[in-house]
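Trainee: Contents of target.txt (compact mmCIF, N, CA and C atoms) are given next:
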# COMPACT_ATOMS: atom_id res chain seq x y z
N MET A 1 -14.59 -6.95 -17.39
CA MET A 1 -14.35 -5.81 -16.52
C MET A 1 -13.18 -6.14 -15.60
N PRO A 2 -12.16 -5.28 -15.57
CA PRO A 2 -11.02 -5.53 -14.70
C PRO A 2 -11.41 -5.52 -13.23
N LEU A 3 -10.75 -6.34 -12.44
CA LEU A 3 -10.97 -6.43 -11.01
C LEU A 3 -9.82 -5.71 -10.32
N THR A 4 -10.14 -4.78 -9.43
CA THR A 4 -9.11 -4.06 -8.68
C THR A 4 -9.00 -4.68 -7.31
N LYS A 5 -7.80 -5.04 -6.93
CA LYS A 5 -7.54 -5.56 -5.59
C LYS A 5 -6.26 -4.91 -5.13
N SER A 6 -6.35 -4.19 -4.03
CA SER A 6 -5.20 -3.45 -3.52
C SER A 6 -4.78 -2.47 -4.61
N CYS A 7 -3.50 -2.43 -4.94
CA CYS A 7 -3.04 -1.51 -5.98
C CYS A 7 -2.90 -2.22 -7.32
N PHE A 8 -3.37 -3.44 -7.40
CA PHE A 8 -3.24 -4.22 -8.63
C PHE A 8 -4.59 -4.33 -9.32
N VAL A 9 -4.56 -4.25 -10.64
CA VAL A 9 -5.77 -4.44 -11.43
C VAL A 9 -5.60 -5.73 -12.21
N ILE A 10 -6.57 -6.62 -12.07
CA ILE A 10 -6.56 -7.90 -12.76
C ILE A 10 -7.50 -7.80 -13.94
N GLU A 11 -6.99 -8.08 -15.12
CA GLU A 11 -7.79 -8.00 -16.34
C GLU A 11 -7.82 -9.35 -17.03
N PRO A 12 -9.01 -9.83 -17.35
CA PRO A 12 -9.08 -11.09 -18.09
C PRO A 12 -8.52 -10.93 -19.50
N THR A 13 -8.04 -12.03 -20.06
CA THR A 13 -7.49 -11.99 -21.41
C THR A 13 -8.44 -12.57 -22.44
N GLY A 14 -9.53 -13.15 -21.98
CA GLY A 14 -10.42 -13.84 -22.88
C GLY A 14 -10.25 -15.35 -22.80
N ARG A 15 -9.24 -15.78 -22.07
CA ARG A 15 -9.01 -17.20 -21.84
C ARG A 15 -9.14 -17.45 -20.35
N PRO A 16 -9.77 -18.55 -19.97
CA PRO A 16 -10.02 -18.77 -18.53
C PRO A 16 -8.76 -19.02 -17.71
N ASP A 17 -7.67 -19.39 -18.35
CA ASP A 17 -6.45 -19.71 -17.60
C ASP A 17 -5.41 -18.60 -17.63
N SER A 18 -5.78 -17.41 -18.13
CA SER A 18 -4.82 -16.33 -18.31
C SER A 18 -5.37 -15.00 -17.80
N VAL A 19 -4.48 -14.21 -17.19
CA VAL A 19 -4.86 -12.87 -16.76
C VAL A 19 -3.71 -11.90 -17.01
N ILE A 20 -4.07 -10.64 -17.07
CA ILE A 20 -3.10 -9.55 -17.08
C ILE A 20 -3.15 -8.91 -15.70
N VAL A 21 -2.01 -8.76 -15.08
CA VAL A 21 -1.94 -8.08 -13.80
C VAL A 21 -1.24 -6.74 -14.03
N HIS A 22 -1.98 -5.66 -13.88
CA HIS A 22 -1.41 -4.32 -14.01
C HIS A 22 -0.78 -3.98 -12.66
N ILE A 23 0.53 -3.81 -12.65
CA ILE A 23 1.27 -3.70 -11.40
C ILE A 23 1.05 -2.37 -10.68
N GLY A 24 0.93 -1.29 -11.37
CA GLY A 24 0.80 0.00 -10.70
C GLY A 24 2.17 0.66 -10.54
N ASN A 25 2.28 1.58 -9.59
CA ASN A 25 3.49 2.38 -9.42
C ASN A 25 4.70 1.59 -8.96
N ALA A 26 4.48 0.55 -8.15
CA ALA A 26 5.62 -0.16 -7.56
C ALA A 26 5.25 -1.60 -7.22
N LEU A 27 6.27 -2.44 -7.21
CA LEU A 27 6.17 -3.78 -6.65
C LEU A 27 7.40 -3.93 -5.74
N ASP A 28 7.16 -3.75 -4.45
CA ASP A 28 8.25 -3.77 -3.49
C ASP A 28 7.76 -4.29 -2.14
N PHE A 29 8.56 -4.13 -1.11
CA PHE A 29 8.23 -4.69 0.20
C PHE A 29 6.91 -4.16 0.76
N LEU A 30 6.47 -3.00 0.31
CA LEU A 30 5.23 -2.42 0.82
C LEU A 30 3.97 -3.13 0.32
N ASN A 31 4.03 -3.71 -0.88
CA ASN A 31 2.82 -4.32 -1.44
C ASN A 31 3.03 -5.75 -1.94
N VAL A 32 4.18 -6.31 -1.68
CA VAL A 32 4.47 -7.64 -2.22
C VAL A 32 3.52 -8.70 -1.64
N ASN A 33 3.11 -8.54 -0.39
CA ASN A 33 2.18 -9.52 0.18
C ASN A 33 0.84 -9.48 -0.54
N ASP A 34 0.37 -8.28 -0.89
CA ASP A 34 -0.87 -8.16 -1.66
C ASP A 34 -0.72 -8.80 -3.04
N PHE A 35 0.42 -8.58 -3.68
CA PHE A 35 0.69 -9.19 -4.99
C PHE A 35 0.63 -10.71 -4.88
N ASN A 36 1.31 -11.26 -3.88
CA ASN A 36 1.31 -12.71 -3.69
C ASN A 36 -0.10 -13.23 -3.47
N THR A 37 -0.87 -12.55 -2.64
CA THR A 37 -2.24 -12.97 -2.35
C THR A 37 -3.10 -12.95 -3.60
N VAL A 38 -3.03 -11.84 -4.34
CA VAL A 38 -3.82 -11.70 -5.57
C VAL A 38 -3.49 -12.81 -6.55
N CYS A 39 -2.22 -13.05 -6.75
CA CYS A 39 -1.81 -14.06 -7.74
C CYS A 39 -2.15 -15.47 -7.29
N LEU A 40 -1.90 -15.79 -6.03
CA LEU A 40 -2.20 -17.15 -5.55
C LEU A 40 -3.69 -17.43 -5.55
N GLU A 41 -4.51 -16.42 -5.27
CA GLU A 41 -5.96 -16.60 -5.38
C GLU A 41 -6.34 -16.99 -6.81
N ARG A 42 -5.69 -16.35 -7.78
CA ARG A 42 -5.97 -16.68 -9.18
C ARG A 42 -5.50 -18.08 -9.53
N VAL A 43 -4.34 -18.48 -9.03
CA VAL A 43 -3.84 -19.84 -9.29
C VAL A 43 -4.83 -20.86 -8.72
N GLU A 44 -5.36 -20.59 -7.53
CA GLU A 44 -6.32 -21.51 -6.91
C GLU A 44 -7.60 -21.65 -7.72
N THR A 45 -7.92 -20.64 -8.52
CA THR A 45 -9.14 -20.72 -9.34
C THR A 45 -8.85 -21.10 -10.79
N GLY A 46 -7.60 -21.54 -11.07
CA GLY A 46 -7.31 -22.10 -12.38
C GLY A 46 -6.43 -21.27 -13.30
N THR A 47 -6.04 -20.09 -12.88
CA THR A 47 -5.15 -19.27 -13.72
C THR A 47 -3.76 -19.89 -13.73
N ARG A 48 -3.20 -20.02 -14.91
CA ARG A 48 -1.87 -20.60 -15.06
C ARG A 48 -0.90 -19.68 -15.79
N HIS A 49 -1.43 -18.67 -16.46
CA HIS A 49 -0.60 -17.79 -17.28
C HIS A 49 -0.83 -16.35 -16.85
N PHE A 50 0.26 -15.70 -16.50
CA PHE A 50 0.21 -14.34 -15.99
C PHE A 50 1.03 -13.41 -16.88
N ILE A 51 0.40 -12.35 -17.36
CA ILE A 51 1.10 -11.27 -18.04
C ILE A 51 1.17 -10.14 -17.03
N LEU A 52 2.37 -9.77 -16.64
CA LEU A 52 2.55 -8.70 -15.67
C LEU A 52 2.85 -7.41 -16.43
N ASP A 53 1.94 -6.45 -16.33
CA ASP A 53 2.05 -5.18 -17.04
C ASP A 53 2.77 -4.17 -16.16
N PHE A 54 3.97 -3.79 -16.57
CA PHE A 54 4.80 -2.85 -15.83
C PHE A 54 4.79 -1.46 -16.47
N SER A 55 3.81 -1.14 -17.29
CA SER A 55 3.82 0.13 -18.02
C SER A 55 3.72 1.35 -17.11
N ALA A 56 3.20 1.19 -15.92
CA ALA A 56 3.09 2.31 -14.98
C ALA A 56 4.04 2.16 -13.80
N THR A 57 4.95 1.21 -13.87
CA THR A 57 5.79 0.86 -12.72
C THR A 57 7.17 1.48 -12.84
N GLY A 58 7.52 2.28 -11.84
CA GLY A 58 8.84 2.88 -11.79
C GLY A 58 9.74 2.26 -10.75
N VAL A 59 9.14 1.44 -9.84
CA VAL A 59 9.91 0.85 -8.75
C VAL A 59 9.66 -0.65 -8.70
N LEU A 60 10.74 -1.41 -8.78
CA LEU A 60 10.70 -2.86 -8.55
C LEU A 60 11.79 -3.16 -7.53
N GLY A 61 11.36 -3.57 -6.34
CA GLY A 61 12.31 -3.89 -5.29
C GLY A 61 12.71 -5.35 -5.34
N SER A 62 13.70 -5.69 -4.52
CA SER A 62 14.17 -7.08 -4.49
C SER A 62 13.07 -8.03 -4.06
N LYS A 63 12.20 -7.60 -3.17
CA LYS A 63 11.07 -8.45 -2.76
C LYS A 63 10.10 -8.66 -3.93
N GLY A 64 9.98 -7.67 -4.79
CA GLY A 64 9.15 -7.82 -5.97
C GLY A 64 9.72 -8.83 -6.94
N VAL A 65 11.05 -8.78 -7.13
CA VAL A 65 11.71 -9.77 -7.99
C VAL A 65 11.50 -11.17 -7.41
N GLU A 66 11.65 -11.31 -6.10
CA GLU A 66 11.43 -12.61 -5.46
C GLU A 66 9.99 -13.08 -5.64
N ALA A 67 9.04 -12.16 -5.56
CA ALA A 67 7.63 -12.53 -5.72
C ALA A 67 7.34 -13.02 -7.13
N ILE A 68 7.91 -12.37 -8.13
CA ILE A 68 7.73 -12.81 -9.52
C ILE A 68 8.32 -14.19 -9.70
N SER A 69 9.50 -14.41 -9.16
CA SER A 69 10.16 -15.72 -9.25
C SER A 69 9.33 -16.79 -8.54
N SER A 70 8.78 -16.44 -7.41
CA SER A 70 7.95 -17.38 -6.66
C SER A 70 6.68 -17.74 -7.43
N LEU A 71 6.08 -16.74 -8.06
CA LEU A 71 4.89 -17.00 -8.89
C LEU A 71 5.25 -17.95 -10.01
N TYR A 72 6.40 -17.70 -10.66
CA TYR A 72 6.84 -18.61 -11.71
C TYR A 72 7.00 -20.03 -11.16
N SER A 73 7.63 -20.16 -10.00
CA SER A 73 7.86 -21.48 -9.40
C SER A 73 6.55 -22.19 -9.08
N THR A 74 5.52 -21.41 -8.82
CA THR A 74 4.20 -21.98 -8.52
C THR A 74 3.50 -22.47 -9.79
N VAL A 75 3.56 -21.69 -10.86
CA VAL A 75 2.79 -22.05 -12.05
C VAL A 75 3.55 -22.93 -13.05
N ALA A 76 4.87 -22.90 -13.02
CA ALA A 76 5.65 -23.70 -13.98
C ALA A 76 5.33 -25.19 -13.90
N PRO A 77 5.23 -25.78 -12.71
CA PRO A 77 4.89 -27.21 -12.66
C PRO A 77 3.47 -27.52 -13.17
N LEU A 78 2.65 -26.47 -13.29
CA LEU A 78 1.29 -26.62 -13.80
C LEU A 78 1.21 -26.25 -15.28
N ASN A 79 2.37 -26.23 -15.95
CA ASN A 79 2.48 -25.82 -17.34
C ASN A 79 2.08 -24.37 -17.55
N GLY A 80 2.29 -23.55 -16.53
CA GLY A 80 1.97 -22.14 -16.62
C GLY A 80 3.20 -21.33 -16.93
N GLN A 81 3.00 -20.05 -17.08
CA GLN A 81 4.10 -19.15 -17.36
C GLN A 81 3.82 -17.76 -16.81
N VAL A 82 4.89 -17.02 -16.62
CA VAL A 82 4.83 -15.63 -16.18
C VAL A 82 5.65 -14.83 -17.18
N VAL A 83 5.02 -13.84 -17.79
CA VAL A 83 5.74 -12.98 -18.72
C VAL A 83 5.55 -11.53 -18.30
N LEU A 84 6.53 -10.71 -18.63
CA LEU A 84 6.50 -9.29 -18.31
C LEU A 84 6.23 -8.50 -19.58
N ALA A 85 5.57 -7.37 -19.41
CA ALA A 85 5.26 -6.53 -20.57
C ALA A 85 5.44 -5.06 -20.22
N SER A 86 5.83 -4.29 -21.21
CA SER A 86 5.93 -2.83 -21.09
C SER A 86 6.81 -2.40 -19.92
N VAL A 87 7.97 -3.00 -19.83
CA VAL A 87 8.88 -2.74 -18.71
C VAL A 87 9.64 -1.43 -18.96
N LEU A 88 9.57 -0.54 -18.00
CA LEU A 88 10.26 0.76 -18.09
C LEU A 88 11.72 0.61 -17.67
N PRO A 89 12.57 1.55 -18.11
CA PRO A 89 14.01 1.44 -17.82
C PRO A 89 14.39 1.23 -16.35
N PRO A 90 13.76 1.88 -15.37
CA PRO A 90 14.17 1.61 -13.98
C PRO A 90 13.93 0.15 -13.57
N VAL A 91 12.86 -0.43 -14.06
CA VAL A 91 12.55 -1.83 -13.75
C VAL A 91 13.50 -2.75 -14.51
N GLU A 92 13.80 -2.41 -15.76
CA GLU A 92 14.78 -3.19 -16.54
C GLU A 92 16.11 -3.26 -15.81
N GLU A 93 16.51 -2.14 -15.22
CA GLU A 93 17.78 -2.08 -14.49
C GLU A 93 17.77 -3.02 -13.29
N VAL A 94 16.69 -3.03 -12.55
CA VAL A 94 16.59 -3.93 -11.39
C VAL A 94 16.63 -5.39 -11.83
N LEU A 95 15.90 -5.71 -12.88
CA LEU A 95 15.91 -7.08 -13.40
C LEU A 95 17.31 -7.48 -13.83
N SER A 96 18.02 -6.58 -14.47
CA SER A 96 19.38 -6.86 -14.90
C SER A 96 20.31 -7.09 -13.71
N ARG A 97 20.22 -6.22 -12.72
CA ARG A 97 21.08 -6.35 -11.53
C ARG A 97 20.79 -7.63 -10.76
N ALA A 98 19.52 -8.05 -10.78
CA ALA A 98 19.13 -9.29 -10.09
C ALA A 98 19.39 -10.52 -10.95
N GLN A 99 19.92 -10.31 -12.15
CA GLN A 99 20.16 -11.36 -13.12
C GLN A 99 18.88 -12.13 -13.45
N ALA A 100 17.78 -11.39 -13.43
CA ALA A 100 16.49 -11.98 -13.77
C ALA A 100 16.04 -11.56 -15.16
N ASP A 101 16.83 -10.74 -15.83
CA ASP A 101 16.43 -10.28 -17.16
C ASP A 101 16.41 -11.40 -18.18
N GLU A 102 17.25 -12.41 -18.01
CA GLU A 102 17.23 -13.56 -18.92
C GLU A 102 16.03 -14.46 -18.64
N ALA A 103 15.70 -14.60 -17.36
CA ALA A 103 14.58 -15.47 -16.98
C ALA A 103 13.25 -14.86 -17.40
N PHE A 104 13.13 -13.57 -17.26
CA PHE A 104 11.86 -12.89 -17.52
C PHE A 104 12.07 -11.80 -18.56
N ARG A 105 12.51 -12.21 -19.72
CA ARG A 105 12.73 -11.26 -20.80
C ARG A 105 11.39 -10.66 -21.19
N PRO A 106 11.26 -9.35 -21.12
CA PRO A 106 9.94 -8.74 -21.32
C PRO A 106 9.52 -8.59 -22.77
N PHE A 107 8.21 -8.51 -22.95
CA PHE A 107 7.61 -8.16 -24.23
C PHE A 107 7.47 -6.65 -24.28
N PRO A 108 7.52 -6.06 -25.46
CA PRO A 108 7.44 -4.59 -25.54
C PRO A 108 6.07 -4.03 -25.12
N THR A 109 5.00 -4.81 -25.33
CA THR A 109 3.66 -4.36 -24.97
C THR A 109 2.86 -5.53 -24.39
N VAL A 110 1.77 -5.19 -23.72
CA VAL A 110 0.85 -6.22 -23.23
C VAL A 110 0.25 -6.98 -24.40
N ARG A 111 -0.08 -6.26 -25.45
CA ARG A 111 -0.67 -6.91 -26.63
C ARG A 111 0.29 -7.94 -27.22
N ALA A 112 1.56 -7.58 -27.33
CA ALA A 112 2.56 -8.52 -27.86
C ALA A 112 2.66 -9.76 -26.96
N ALA A 113 2.62 -9.55 -25.67
CA ALA A 113 2.68 -10.69 -24.74
C ALA A 113 1.44 -11.56 -24.89
N ARG A 114 0.28 -10.93 -24.98
CA ARG A 114 -0.97 -11.68 -25.11
C ARG A 114 -1.00 -12.44 -26.43
N ASP A 115 -0.59 -11.80 -27.51
CA ASP A 115 -0.58 -12.46 -28.81
C ASP A 115 0.39 -13.64 -28.82
N ALA A 116 1.55 -13.46 -28.23
CA ALA A 116 2.53 -14.55 -28.17
C ALA A 116 2.00 -15.68 -27.31
N ARG A 117 1.34 -15.36 -26.23
CA ARG A 117 0.78 -16.37 -25.33
C ARG A 117 -0.23 -17.23 -26.06
N PHE A 118 -1.06 -16.60 -26.88
CA PHE A 118 -2.12 -17.35 -27.53
C PHE A 118 -1.67 -18.07 -28.79
N THR A 119 -0.59 -17.59 -29.40
CA THR A 119 -0.12 -18.27 -30.60
C THR A 119 1.02 -19.23 -30.28
N GLY A 120 1.59 -19.07 -29.08
CA GLY A 120 2.71 -19.94 -28.69
C GLY A 120 4.04 -19.46 -29.22
N SER A 121 4.08 -18.35 -29.95
CA SER A 121 5.34 -17.90 -30.51
C SER A 121 6.05 -16.96 -29.55
N GLY A 122 7.09 -17.45 -28.96
CA GLY A 122 7.90 -16.60 -28.11
C GLY A 122 7.38 -16.40 -26.71
N ALA A 123 6.31 -17.04 -26.33
CA ALA A 123 5.75 -16.81 -25.01
C ALA A 123 6.55 -17.48 -23.92
N THR A 124 7.17 -18.58 -24.23
CA THR A 124 7.93 -19.27 -23.21
C THR A 124 9.28 -18.61 -23.07
N ARG A 125 9.58 -18.21 -21.87
CA ARG A 125 10.82 -17.52 -21.59
C ARG A 125 11.78 -18.46 -20.86
N ARG A 126 13.05 -18.21 -21.06
CA ARG A 126 14.05 -18.98 -20.33
C ARG A 126 13.92 -18.66 -18.86
N ALA A 127 13.61 -19.66 -18.07
CA ALA A 127 13.38 -19.42 -16.66
C ALA A 127 14.38 -20.13 -15.78
N ARG A 128 15.40 -20.68 -16.35
CA ARG A 128 16.41 -21.35 -15.54
C ARG A 128 17.07 -20.40 -14.56
N ALA A 129 17.28 -19.18 -14.97
CA ALA A 129 18.02 -18.23 -14.14
C ALA A 129 17.26 -17.84 -12.88
N HIS A 130 15.95 -17.99 -12.88
CA HIS A 130 15.18 -17.55 -11.71
C HIS A 130 15.53 -18.34 -10.46
N HIS A 131 15.99 -19.56 -10.63
CA HIS A 131 16.32 -20.39 -9.47
C HIS A 131 17.53 -19.85 -8.71
N SER A 132 18.34 -19.04 -9.36
CA SER A 132 19.53 -18.53 -8.70
C SER A 132 19.27 -17.21 -7.99
N LEU A 133 18.04 -16.71 -8.05
CA LEU A 133 17.76 -15.41 -7.43
C LEU A 133 17.77 -15.50 -5.92
How does this structure look as structure tokens?
Mentor:
Amino acid sequence: MPLTKSCFVIEPTGRPDSVIVHIGNALDFLNVNDFNTVCLERVETGTRHFILDFSATGVLGSKGVEAISSLYSTVAPLNGQVVLASVLPPVEEVLSRAQADEAFRPFPTVRAARDARFTGSGATRRARAHHSL
């Protein structure tokens, strides 16, 4: 059963170290603190792999991009990863302008991200660029 916290819905993937975070309408300065809290709580309980579902997201602000990069910086040393899924064109544009599109190259669907995560094919994204954000 998905857990709703603030405007984010956390859905288990069937693996104890992985979750899907459904972002909702926006990830920006208005809710970025909630996003950080939700994700860090999960890291503290053992989650290392995050699939961020942007299928309903039309707004990604610069603070949202920073929060995604920060989450990556937190889980990468723990052999974790952050992947994006179902990214809509307005969000793709923000990622491109922030030069984060290479670091967080999205999967077309949540299912594709989940399947890649579990099989290891294509789940690891180039994350070098996130350090320059």
Trainee: List every residue of chain A that DSSP, applied to the backbone, labels as strand (DSSP E or B), and write the result as an MDAnalysis selection string.
Mentor: chainID A and resid 3:5 8:12 18:22 26:27 49:53 59:60 81:85 107
Trainee: Tell me which of A:Gly58, A:Phe8, A:Asp53, A:His22 sits closest to Asp34 of chain A, counting all atoms listed in the file.
Mentor: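 Under the stated criterion, the closest residue is A:Phe8.
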Trainee: What's around Leu60 of chain A at 6 Å? Count all atoms listed in the file, leave out sequence neighbours fewer than 3 positions away in its own chain, and write the answer as a list in words.
Mentor: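 Everything that qualifies: Ala26, Leu27, Asp28, Gly64, Val65, Pro90 and Val91 of chain A.
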Trainee: Using only C-alpha atoms for the distances, tell me which of A:Ser73, A:Arg48, A:Arg42, A:Leu88 is nearest to Ala103 of chain A.
Mentor: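 For Ala103 of chain A, the nearest of the candidates is A:Ser73.
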Trainee: Counting only C-alpha atoms, what is within 10 Å of segment 66-71 of chain A, bar same-chain residues fewer than 4 positions away, as a ChimeraX atom specification?
Mentor: /A:27-29,32-33,35-36,39-40,43,48,50,52,61-62,75-76,80-84,98,100,103-104,127,129-133
Trainee: Using all atoms listed in the file, pick whichever of A:Val19, A:Ile10, A:Val59, A:Val110 has the shortest atom-to-atom distance to Thr47 of chain A.
Mentor: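 Closest to Thr47 of chain A of all the choices is A:Val19.
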Trainee: Grab the atom CA of Glu11 of chain A to atom N of Asn79 of chain A distance for me, in Å with one decimal place.
Mentor: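 Computed distance, atom CA of Glu11 of chain A to atom N of Asn79 of chain A, equals 20.9 Å.
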Trainee: How would you write, as a VMD selection string, the set of residues in chain A that DSSP gives as alpha helix (DSSP H)?
Mentor: chain A and resid 32 to 44 62 to 75 89 to 97 110 to 119
Trainee: Find the distance between atom CA of Leu30 of chain A and atom N of Pro108 of chain A and write it in Å to one decimal.
Mentor: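 Between these atoms lies a distance of 26.6 Å.
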Trainee: Provide the atom CA of Asp17 of chain A to atom CA of Gln99 of chain A distance in Å, to one decimal place.
Mentor: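 Those two atoms sit 28.2 Å apart.
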